Amino acid sequence: MRREGCLVVLVGLLVGAAAQQPVPNGDRLLPPLPPGEGRDLVQTDCVGCHKLNMIFQNRKTKAAWAKEVNDMIQRGAAVFPEEIEPITAYLSKNFGSDMPPPINVNTADRAELEKLPGIKPEMVERILNARAKAGSFKDPDELRRALRLDKDEFAKDFYLLKYN
Amino acid sequence: MRELVRSYLQNGITRRGFIKRMVQSGFSVVAADSVLAALPPASGQAQSSEETNPFTRRFRGTGGELLAEQLRDAGVEYVFIGNGTGVSPLCDALVDRPDLKLVLAVHEPLCVAIADGYSRASGKTAFTMFSRVGVPAASSNIYNAMKDRSRLVVASDRIESMAAGRDSHEDYDDTLEPVKQFTKWRWNIDSPTRIPEWTMKAFKLAATPPGGPTFLMFPRDMLVAREVEAEIFRPGTFDVPMTVRPDAAVVEKMAHALIQAKSPLMLAGTDVWRFNAVPQVVELAELLAIPTTSGEEREGFRISCNFPTNHPLFLGGYSSHMRYPRSVDVLLNMGGKLPDPGAGSPQIPRSVKIVDVRIEASDIGTDYPLYMGVAADVKEVAQDLVAAIKSMVTPQRLKEIRGNRLEETEQFVARLHQARLQAMKADWDKVPLTWERLTSGINEVLERDAYVVTEFGTEGPKALKCFTFAPGEKTLIGRTSGAALGWGVGAATGVKIAQPDKQVVCLQGDGGFMFNGQPLALWTMARYQIPVITVIYNNRSYNETRERAFAEEGRQAQTNKDMLSYLGDPDVDFIKLAAAFSVQGEQVTAPNQIEPALKRAVRAAQDGKPFVIDALVGRTGHGAELASYPKLSVAEMRKRRV
């Protein structure tokens, strides 16, 4: 009984700590992960072993992401049993096989940018205008500031862009 | 012979003189020794000064015999040898010295790998010798040995001194340069009378912590020289015990840091294994309930068991973002390499007080700013720390310091284990086999205290987690931290020679198996009846290479083309390959085949026969589904069908 109590407190502390202290992506060229249930777990658990570009560059079905998550756990990712499903669901929703591959914001034409889910034609226009003015964007933060977006809004719709 | 015996008994000649004359009369040294053993002591024979000298003894013979005599007194039991005319004088000497057992390997990298495995499993310094032209080929495993500080004396012949430096037959300039980076010390023998001295020095330097390979090169005229008289250094006269204890004030400062730490973490490194310090380090961890990690494991390069993997305080591999414990304030490194600082933010945050304890003083303080650097033996440090902490705080205070750390760690690890089991079961019955399914099956069949020799890439941690490595449980040897492929099967051969009464299994990736002529290690196993069970994890891929390459997002990843890593076509039949060496084997393709195949392998080993299992496992990670490569057909390029 005492051990179970400790466990609940421990898990609560760990998840709480993860939510309050998101760790860096490990690469300034990478955008922030989009919001949603499972984001903090992905951000905390995955970067223990590798950079998040291994997620950003992949598109998989839910079954394939489940296999990937299982594989990572076998390798030593610090994931608890009840976190497997939220992590898998988050990855398959945001990096599913129906999502476009990473789009280079510095070279993409209008048609490519319009493939980005959640981005309306007016925003595509703003991106193209900002790019024409800036020449290119060296990282996500530069684009975000050029578009005058807040961090949450930017994280939600712009995570499929790449900058190199 | 009768005259000789009479002369000996009447003090006309010494023991050495008796043996010498017997040999001159055509008897072997062994035969002469037997005759002497059967004789009563020579009455009134005064002991010569040589016989009363406890440090050296004189010997007269060929250069090869001098080398053999010094090997004897260095405690060598096995001479791991590769083919070459230049090693013949040593082989001549071995004819009459059956206590020096010759083991032939048919490729120089294997000579080194076998010697390396023998050294790691026996704790002794191993000796190997081969042809000078084999040195470049052997260098990859000499490099592996250097990275792991293995106790090896590697030797080769060289062209005669008078012909050296002329780009002559099988000669090259600067002959020691090829091994310079991978050896602690190296020497070209240029005086036959000093063969024992330099051999002794090579053994001394290889064995003195931190160990590492040394290299001797014997010009042919050195070993064939006759009637050379020299001193042989007796056993124990060149051992340098390295029980280095830290100063009491240093221990007190370390103890204080650990007592004050709110969230300490211990890293158990390879010095713990090298100094047989597992019990002492465990006692220290338990005293303060310090969660403990193994720094190398996450990369799959853990080379030994430094902390019991079934201990409730053992976390597994180190991560720069440890989920537990959070906010580490003191990291006690007991004898391991600190995590590579990397190119970005350091793997250990700057806020952490690092106490770095290692025997290899030159490596301390080179990667991270330290709170304390301590060059000492981890066993001594652990013992002293336990005593110091107990003297500094009351039992009640110790209890308060420990708090719930043990329970927290245990529960954290249990949760991870639960997730791992859940993840493992998801593909439990899949074909091709998962690494964890295959390894779990192997674990079920092996004896509890088997030796497990591994050479895996990034899949390694998945397999290693299926075993318990601890005193009384399984012993882990490998992968090398150098990671030059082509070591595992050779090393397992040496491990079995060192531990003939233990079950030895070699877990080897297929890519690594095809490096360095590793299949040829089966020849040595077959000839000398070395019953190792070799399991080839065959995914027909350099899986690690592909994963890393695709992670870089280069053209291969962009175009989804695997240019390098697919190893199918041809799909190598490793069982036929084993059969060519008269080694039994069978292929395993499905989960229900694992146990019966392993049991047959175990029975073969019990009968003294090596066995190979070719297990088809799945590829994982980016590009795993790709079974293609850039095509090229020279046959189709031809204009003539010749």
# chains A, B, ... in the order shown; residues from 1 in each chain; ligands from 1
>>> interface_residues(of="chain B", to="chain A", cutoff="8 Å", atoms="only C-alpha atoms", output="PyMOL selection string")
chain B and resi 298+316-317+319-324+344+407-408+411-412+415-416+418-420+422-424+426+436+459-462+465+551+553+620-621
>>> residues_around(residues="Lys62 of chain A", least_positions_apart="5", cutoff="12 Å", atoms="only C-alpha atoms", output="PyMOL selection string")
chain A and resi 67-69+85-98
>>> write_last_selection(atoms="C-alpha atoms", output="compact mmCIF listing (two decimals), in the first residue's frame")
# COMPACT_ATOMS: atom_id res chain seq x y z
CA LYS A 67 6.15 -0.27 -33.77
CA GLU A 68 8.66 2.58 -33.62
CA VAL A 69 7.65 3.53 -30.07
CA GLU A 85 -0.72 5.01 -26.32
CA PRO A 86 -0.69 8.84 -25.91
CA ILE A 87 2.77 9.03 -27.46
CA THR A 88 1.75 6.82 -30.37
CA ALA A 89 -1.49 8.75 -30.90
CA TYR A 90 0.34 12.09 -30.87
CA LEU A 91 2.92 10.96 -33.37
CA SER A 92 0.43 9.38 -35.74
CA LYS A 93 -1.84 12.44 -35.62
CA ASN A 94 0.87 14.99 -36.30
CA PHE A 95 3.33 12.92 -38.31
CA GLY A 96 0.96 10.44 -39.91
CA SER A 97 1.36 8.94 -43.34
CA ASP A 98 -1.27 11.39 -44.66
>>> residues_around(residues="segment 120-136 of chain A", least_positions_apart="3", cutoff="12 Å", atoms="only C-alpha atoms", output="ChimeraX atom specification")
/A:104-117,139-140,142-149,154,157-158,161-164
>>> select_by_dssp(residues="segment 314-510 of chain B", states="alpha helix (DSSP H)", output="MDAnalysis selection string")
chainID B and resid 378:392 395:402 405:426 435:445 460:464 488:498 510
>>> residues_around(residues="Ala382 of chain B", least_positions_apart="6", cutoff="12 Å", atoms="only C-alpha atoms", output="PyMOL selection string")
chain B and resi 244-246+251+254-255+266+268+271-272+275-287+332-335+357-358+376+388-389
>>> closest_atom_pairs(of="segment 31-150 of chain B", to="segment 171-187 of chain B", cutoff="10 Å", atoms="only C-alpha atoms", output="JSON lines")
{"residue": "B:Arg132", "atom": "CA", "partner": "B:Asp171", "partner_atom": "CA", "distance": 7.9}
{"residue": "B:Val133", "atom": "CA", "partner": "B:Asp171", "partner_atom": "CA", "distance": 7.9}
{"residue": "B:Val135", "atom": "CA", "partner": "B:Pro178", "partner_atom": "CA", "distance": 7.7}
{"residue": "B:Pro136", "atom": "CA", "partner": "B:Pro178", "partner_atom": "CA", "distance": 6.7}
{"residue": "B:Ala138", "atom": "CA", "partner": "B:Val179", "partner_atom": "CA", "distance": 9.4}
{"residue": "B:Ser139", "atom": "CA", "partner": "B:Val179", "partner_atom": "CA", "distance": 6.5}
{"residue": "B:Ser140", "atom": "CA", "partner": "B:Phe182", "partner_atom": "CA", "distance": 8.9}
{"residue": "B:Asn141", "atom": "CA", "partner": "B:Phe182", "partner_atom": "CA", "distance": 9.3}
{"residue": "B:Ile142", "atom": "CA", "partner": "B:Phe182", "partner_atom": "CA", "distance": 6.1}
{"residue": "B:Tyr143", "atom": "CA", "partner": "B:Phe182", "partner_atom": "CA", "distance": 4.9}
{"residue": "B:Asn144", "atom": "CA", "partner": "B:Phe182", "partner_atom": "CA", "distance": 8.2}
{"residue": "B:Ala145", "atom": "CA", "partner": "B:Phe182", "partner_atom": "CA", "distance": 7.9}
{"residue": "B:Met146", "atom": "CA", "partner": "B:Phe182", "partner_atom": "CA", "distance": 5.4}
{"residue": "B:Lys147", "atom": "CA", "partner": "B:Phe182", "partner_atom": "CA", "distance": 7.9}
{"residue": "B:Arg149", "atom": "CA", "partner": "B:Lys184", "partner_atom": "CA", "distance": 9.1}
>>> write_last_selection(atoms="C-alpha atoms", output="mmCIF file, in the first residue's frame")
data_model
loop_
_atom_site.group_PDB
_atom_site.id
_atom_site.type_symbol
_atom_site.label_atom_id
_atom_site.label_comp_id
_atom_site.auth_asym_id
_atom_site.auth_seq_id
_atom_site.Cartn_x
_atom_site.Cartn_y
_atom_site.Cartn_z
ATOM 1 C CA ARG B 132 54.831 -8.894 -39.984
ATOM 2 C CA VAL B 133 52.670 -8.575 -43.090
ATOM 3 C CA VAL B 135 50.199 -6.371 -38.692
ATOM 4 C CA PRO B 136 48.166 -3.936 -40.828
ATOM 5 C CA ALA B 138 45.488 -7.006 -37.202
ATOM 6 C CA SER B 139 45.532 -3.326 -36.372
ATOM 7 C CA SER B 140 41.730 -2.961 -36.203
ATOM 8 C CA ASN B 141 41.551 -5.365 -33.292
ATOM 9 C CA ILE B 142 44.712 -3.942 -31.717
ATOM 10 C CA TYR B 143 42.818 -0.649 -31.851
ATOM 11 C CA ASN B 144 39.798 -2.296 -30.174
ATOM 12 C CA ALA B 145 42.082 -3.691 -27.485
ATOM 13 C CA MET B 146 43.620 -0.283 -26.892
ATOM 14 C CA LYS B 147 40.238 1.410 -26.574
ATOM 15 C CA ARG B 149 42.730 -1.160 -22.288
#
>>> atom_distance(atom1="atom CA of Thr193 of chain B", atom2="atom CA of Ala105 of chain B")
29.2 Å
>>> atom_distance(atom1="atom CA of Arg158 of chain B", atom2="atom CA of Asp239 of chain B")
28.5 Å
>>> atom_distance(atom1="atom CA of Thr589 of chain B", atom2="atom CA of Lys576 of chain B")
15.9 Å
>>> closest_residue(among="B:Gly117, B:Pro630, B:Pro291, B:Gly134", to="Trp487 of chain B", atoms="only C-alpha atoms")
B:Gly117
>>> residues_around(residues="His256 of chain B", least_positions_apart="4", cutoff="10 Å", atoms="only C-alpha atoms", output="list of chain:residue names")
B:Val250, B:Val251, B:Glu252, B:Gln260, B:Ala261, B:Leu385, B:Ala388, B:Ile389, B:Met392, B:Val393
>>> write_last_selection(atoms="C-alpha atoms", output="PDB file, in the first residue's frame")
ATOM      1  CA  VAL B 250      40.206  13.670  -0.506  1.00  0.00           C
ATOM      2  CA  VAL B 251      37.984  10.833   0.674  1.00  0.00           C
ATOM      3  CA  GLU B 252      36.470  13.070   3.318  1.00  0.00           C
ATOM      4  CA  GLN B 260      25.116  16.717   1.255  1.00  0.00           C
ATOM      5  CA  ALA B 261      23.778  15.731  -2.163  1.00  0.00           C
ATOM      6  CA  LEU B 385      34.112   6.163   1.129  1.00  0.00           C
ATOM      7  CA  ALA B 388      34.341   7.627   5.894  1.00  0.00           C
ATOM      8  CA  ILE B 389      30.594   8.124   5.495  1.00  0.00           C
ATOM      9  CA  MET B 392      30.854  11.058   9.605  1.00  0.00           C
ATOM     10  CA  VAL B 393      27.120  10.508  10.136  1.00  0.00           C
TER      11      VAL B 393
END
>>> decode(residues="segment 99-114 of chain A", atoms="all heavy atoms", output="PDB file, in the first residue's frame")
ATOM      1  N   MET A  99       0.304  13.038 -43.840  1.00  0.00           N
ATOM      2  CA  MET A  99       0.891  14.382 -43.768  1.00  0.00           C
ATOM      3  C   MET A  99       1.949  14.556 -44.859  1.00  0.00           C
ATOM      4  O   MET A  99       2.613  13.586 -45.235  1.00  0.00           O
ATOM      5  CB  MET A  99       1.550  14.598 -42.394  1.00  0.00           C
ATOM      6  CG  MET A  99       0.548  14.726 -41.272  1.00  0.00           C
ATOM      7  SD  MET A  99      -0.376  16.251 -41.479  1.00  0.00           S
ATOM      8  CE  MET A  99      -1.295  16.286 -39.961  1.00  0.00           C
ATOM      9  N   PRO A 100       2.096  15.804 -45.356  1.00  0.00           N
ATOM     10  CA  PRO A 100       3.138  16.016 -46.378  1.00  0.00           C
ATOM     11  C   PRO A 100       4.530  15.867 -45.773  1.00  0.00           C
ATOM     12  O   PRO A 100       4.691  16.043 -44.562  1.00  0.00           O
ATOM     13  CB  PRO A 100       2.895  17.461 -46.826  1.00  0.00           C
ATOM     14  CG  PRO A 100       2.204  18.106 -45.682  1.00  0.00           C
ATOM     15  CD  PRO A 100       1.382  17.039 -45.016  1.00  0.00           C
ATOM     16  N   PRO A 101       5.509  15.542 -46.584  1.00  0.00           N
ATOM     17  CA  PRO A 101       6.885  15.498 -46.071  1.00  0.00           C
ATOM     18  C   PRO A 101       7.343  16.906 -45.708  1.00  0.00           C
ATOM     19  O   PRO A 101       6.681  17.887 -46.070  1.00  0.00           O
ATOM     20  CB  PRO A 101       7.679  14.935 -47.249  1.00  0.00           C
ATOM     21  CG  PRO A 101       6.869  15.276 -48.447  1.00  0.00           C
ATOM     22  CD  PRO A 101       5.431  15.259 -48.014  1.00  0.00           C
ATOM     23  N   PRO A 102       8.461  17.024 -44.997  1.00  0.00           N
ATOM     24  CA  PRO A 102       8.947  18.359 -44.622  1.00  0.00           C
ATOM     25  C   PRO A 102       9.091  19.257 -45.855  1.00  0.00           C
ATOM     26  O   PRO A 102       9.609  18.826 -46.886  1.00  0.00           O
ATOM     27  CB  PRO A 102      10.307  18.077 -43.981  1.00  0.00           C
ATOM     28  CG  PRO A 102      10.216  16.662 -43.512  1.00  0.00           C
ATOM     29  CD  PRO A 102       9.334  15.966 -44.488  1.00  0.00           C
ATOM     30  N   ILE A 103       8.606  20.477 -45.734  1.00  0.00           N
ATOM     31  CA  ILE A 103       8.634  21.423 -46.859  1.00  0.00           C
ATOM     32  C   ILE A 103       9.643  22.520 -46.543  1.00  0.00           C
ATOM     33  O   ILE A 103       9.583  23.133 -45.470  1.00  0.00           O
ATOM     34  CB  ILE A 103       7.227  22.024 -47.074  1.00  0.00           C
ATOM     35  CG1 ILE A 103       6.269  20.911 -47.515  1.00  0.00           C
ATOM     36  CG2 ILE A 103       7.273  23.161 -48.088  1.00  0.00           C
ATOM     37  CD1 ILE A 103       4.807  21.330 -47.503  1.00  0.00           C
ATOM     38  N   ASN A 104      10.533  22.761 -47.462  1.00  0.00           N
ATOM     39  CA  ASN A 104      11.570  23.768 -47.238  1.00  0.00           C
ATOM     40  C   ASN A 104      10.979  25.154 -47.466  1.00  0.00           C
ATOM     41  O   ASN A 104      10.640  25.517 -48.596  1.00  0.00           O
ATOM     42  CB  ASN A 104      12.753  23.518 -48.181  1.00  0.00           C
ATOM     43  CG  ASN A 104      13.946  24.382 -47.810  1.00  0.00           C
ATOM     44  OD1 ASN A 104      13.797  25.470 -47.248  1.00  0.00           O
ATOM     45  ND2 ASN A 104      15.123  23.878 -48.106  1.00  0.00           N
ATOM     46  N   VAL A 105      10.862  25.905 -46.399  1.00  0.00           N
ATOM     47  CA  VAL A 105      10.208  27.208 -46.485  1.00  0.00           C
ATOM     48  C   VAL A 105      11.006  28.181 -47.344  1.00  0.00           C
ATOM     49  O   VAL A 105      10.448  29.140 -47.884  1.00  0.00           O
ATOM     50  CB  VAL A 105       9.989  27.790 -45.062  1.00  0.00           C
ATOM     51  CG1 VAL A 105      11.323  28.193 -44.437  1.00  0.00           C
ATOM     52  CG2 VAL A 105       9.030  28.964 -45.078  1.00  0.00           C
ATOM     53  N   ASN A 106      12.269  27.916 -47.527  1.00  0.00           N
ATOM     54  CA  ASN A 106      13.106  28.832 -48.293  1.00  0.00           C
ATOM     55  C   ASN A 106      13.078  28.573 -49.799  1.00  0.00           C
ATOM     56  O   ASN A 106      13.556  29.398 -50.572  1.00  0.00           O
ATOM     57  CB  ASN A 106      14.547  28.776 -47.789  1.00  0.00           C
ATOM     58  CG  ASN A 106      14.665  29.376 -46.400  1.00  0.00           C
ATOM     59  OD1 ASN A 106      14.087  30.428 -46.124  1.00  0.00           O
ATOM     60  ND2 ASN A 106      15.382  28.697 -45.512  1.00  0.00           N
ATOM     61  N   THR A 107      12.533  27.435 -50.202  1.00  0.00           N
ATOM     62  CA  THR A 107      12.513  27.116 -51.639  1.00  0.00           C
ATOM     63  C   THR A 107      11.129  26.724 -52.149  1.00  0.00           C
ATOM     64  O   THR A 107      10.926  26.649 -53.368  1.00  0.00           O
ATOM     65  CB  THR A 107      13.476  25.947 -51.944  1.00  0.00           C
ATOM     66  OG1 THR A 107      13.078  24.825 -51.148  1.00  0.00           O
ATOM     67  CG2 THR A 107      14.923  26.305 -51.623  1.00  0.00           C
ATOM     68  N   ALA A 108      10.197  26.468 -51.240  1.00  0.00           N
ATOM     69  CA  ALA A 108       8.885  25.946 -51.668  1.00  0.00           C
ATOM     70  C   ALA A 108       8.105  26.985 -52.470  1.00  0.00           C
ATOM     71  O   ALA A 108       8.167  28.192 -52.175  1.00  0.00           O
ATOM     72  CB  ALA A 108       8.082  25.538 -50.445  1.00  0.00           C
ATOM     73  N   ASP A 109       7.368  26.528 -53.465  1.00  0.00           N
ATOM     74  CA  ASP A 109       6.497  27.449 -54.192  1.00  0.00           C
ATOM     75  C   ASP A 109       5.118  27.478 -53.519  1.00  0.00           C
ATOM     76  O   ASP A 109       4.869  26.770 -52.541  1.00  0.00           O
ATOM     77  CB  ASP A 109       6.404  27.064 -55.668  1.00  0.00           C
ATOM     78  CG  ASP A 109       5.864  25.658 -55.871  1.00  0.00           C
ATOM     79  OD1 ASP A 109       5.223  25.122 -54.935  1.00  0.00           O
ATOM     80  OD2 ASP A 109       6.095  25.081 -56.944  1.00  0.00           O
ATOM     81  N   ARG A 110       4.247  28.268 -54.057  1.00  0.00           N
ATOM     82  CA  ARG A 110       2.929  28.454 -53.451  1.00  0.00           C
ATOM     83  C   ARG A 110       2.184  27.119 -53.308  1.00  0.00           C
ATOM     84  O   ARG A 110       1.588  26.825 -52.268  1.00  0.00           O
ATOM     85  CB  ARG A 110       2.104  29.425 -54.311  1.00  0.00           C
ATOM     86  CG  ARG A 110       0.720  29.748 -53.747  1.00  0.00           C
ATOM     87  CD  ARG A 110      -0.057  30.635 -54.715  1.00  0.00           C
ATOM     88  NE  ARG A 110       0.649  31.868 -55.013  1.00  0.00           N
ATOM     89  CZ  ARG A 110       0.585  32.975 -54.269  1.00  0.00           C
ATOM     90  NH1 ARG A 110      -0.181  32.994 -53.199  1.00  0.00           N
ATOM     91  NH2 ARG A 110       1.263  34.046 -54.610  1.00  0.00           N
ATOM     92  N   ALA A 111       2.229  26.324 -54.369  1.00  0.00           N
ATOM     93  CA  ALA A 111       1.478  25.057 -54.346  1.00  0.00           C
ATOM     94  C   ALA A 111       1.970  24.147 -53.222  1.00  0.00           C
ATOM     95  O   ALA A 111       1.180  23.491 -52.534  1.00  0.00           O
ATOM     96  CB  ALA A 111       1.627  24.353 -55.690  1.00  0.00           C
ATOM     97  N   GLU A 112       3.263  24.124 -53.038  1.00  0.00           N
ATOM     98  CA  GLU A 112       3.811  23.277 -51.959  1.00  0.00           C
ATOM     99  C   GLU A 112       3.366  23.785 -50.598  1.00  0.00           C
ATOM    100  O   GLU A 112       2.969  23.006 -49.723  1.00  0.00           O
ATOM    101  CB  GLU A 112       5.343  23.272 -52.021  1.00  0.00           C
ATOM    102  CG  GLU A 112       5.917  22.341 -53.072  1.00  0.00           C
ATOM    103  CD  GLU A 112       7.434  22.358 -53.018  1.00  0.00           C
ATOM    104  OE1 GLU A 112       8.023  23.330 -53.542  1.00  0.00           O
ATOM    105  OE2 GLU A 112       8.015  21.425 -52.446  1.00  0.00           O
ATOM    106  N   LEU A 113       3.449  25.084 -50.405  1.00  0.00           N
ATOM    107  CA  LEU A 113       3.077  25.646 -49.105  1.00  0.00           C
ATOM    108  C   LEU A 113       1.596  25.430 -48.810  1.00  0.00           C
ATOM    109  O   LEU A 113       1.198  25.278 -47.657  1.00  0.00           O
ATOM    110  CB  LEU A 113       3.419  27.137 -49.059  1.00  0.00           C
ATOM    111  CG  LEU A 113       4.917  27.466 -49.037  1.00  0.00           C
ATOM    112  CD1 LEU A 113       5.157  28.958 -49.223  1.00  0.00           C
ATOM    113  CD2 LEU A 113       5.542  26.993 -47.721  1.00  0.00           C
ATOM    114  N   GLU A 114       0.806  25.397 -49.855  1.00  0.00           N
ATOM    115  CA  GLU A 114      -0.635  25.195 -49.652  1.00  0.00           C
ATOM    116  C   GLU A 114      -0.957  23.771 -49.211  1.00  0.00           C
ATOM    117  O   GLU A 114      -2.075  23.484 -48.775  1.00  0.00           O
ATOM    118  CB  GLU A 114      -1.402  25.562 -50.923  1.00  0.00           C
ATOM    119  CG  GLU A 114      -1.502  27.086 -51.105  1.00  0.00           C
ATOM    120  CD  GLU A 114      -2.196  27.485 -52.395  1.00  0.00           C
ATOM    121  OE1 GLU A 114      -2.396  26.606 -53.252  1.00  0.00           O
ATOM    122  OE2 GLU A 114      -2.519  28.688 -52.529  1.00  0.00           O
TER     123      GLU A 114
END
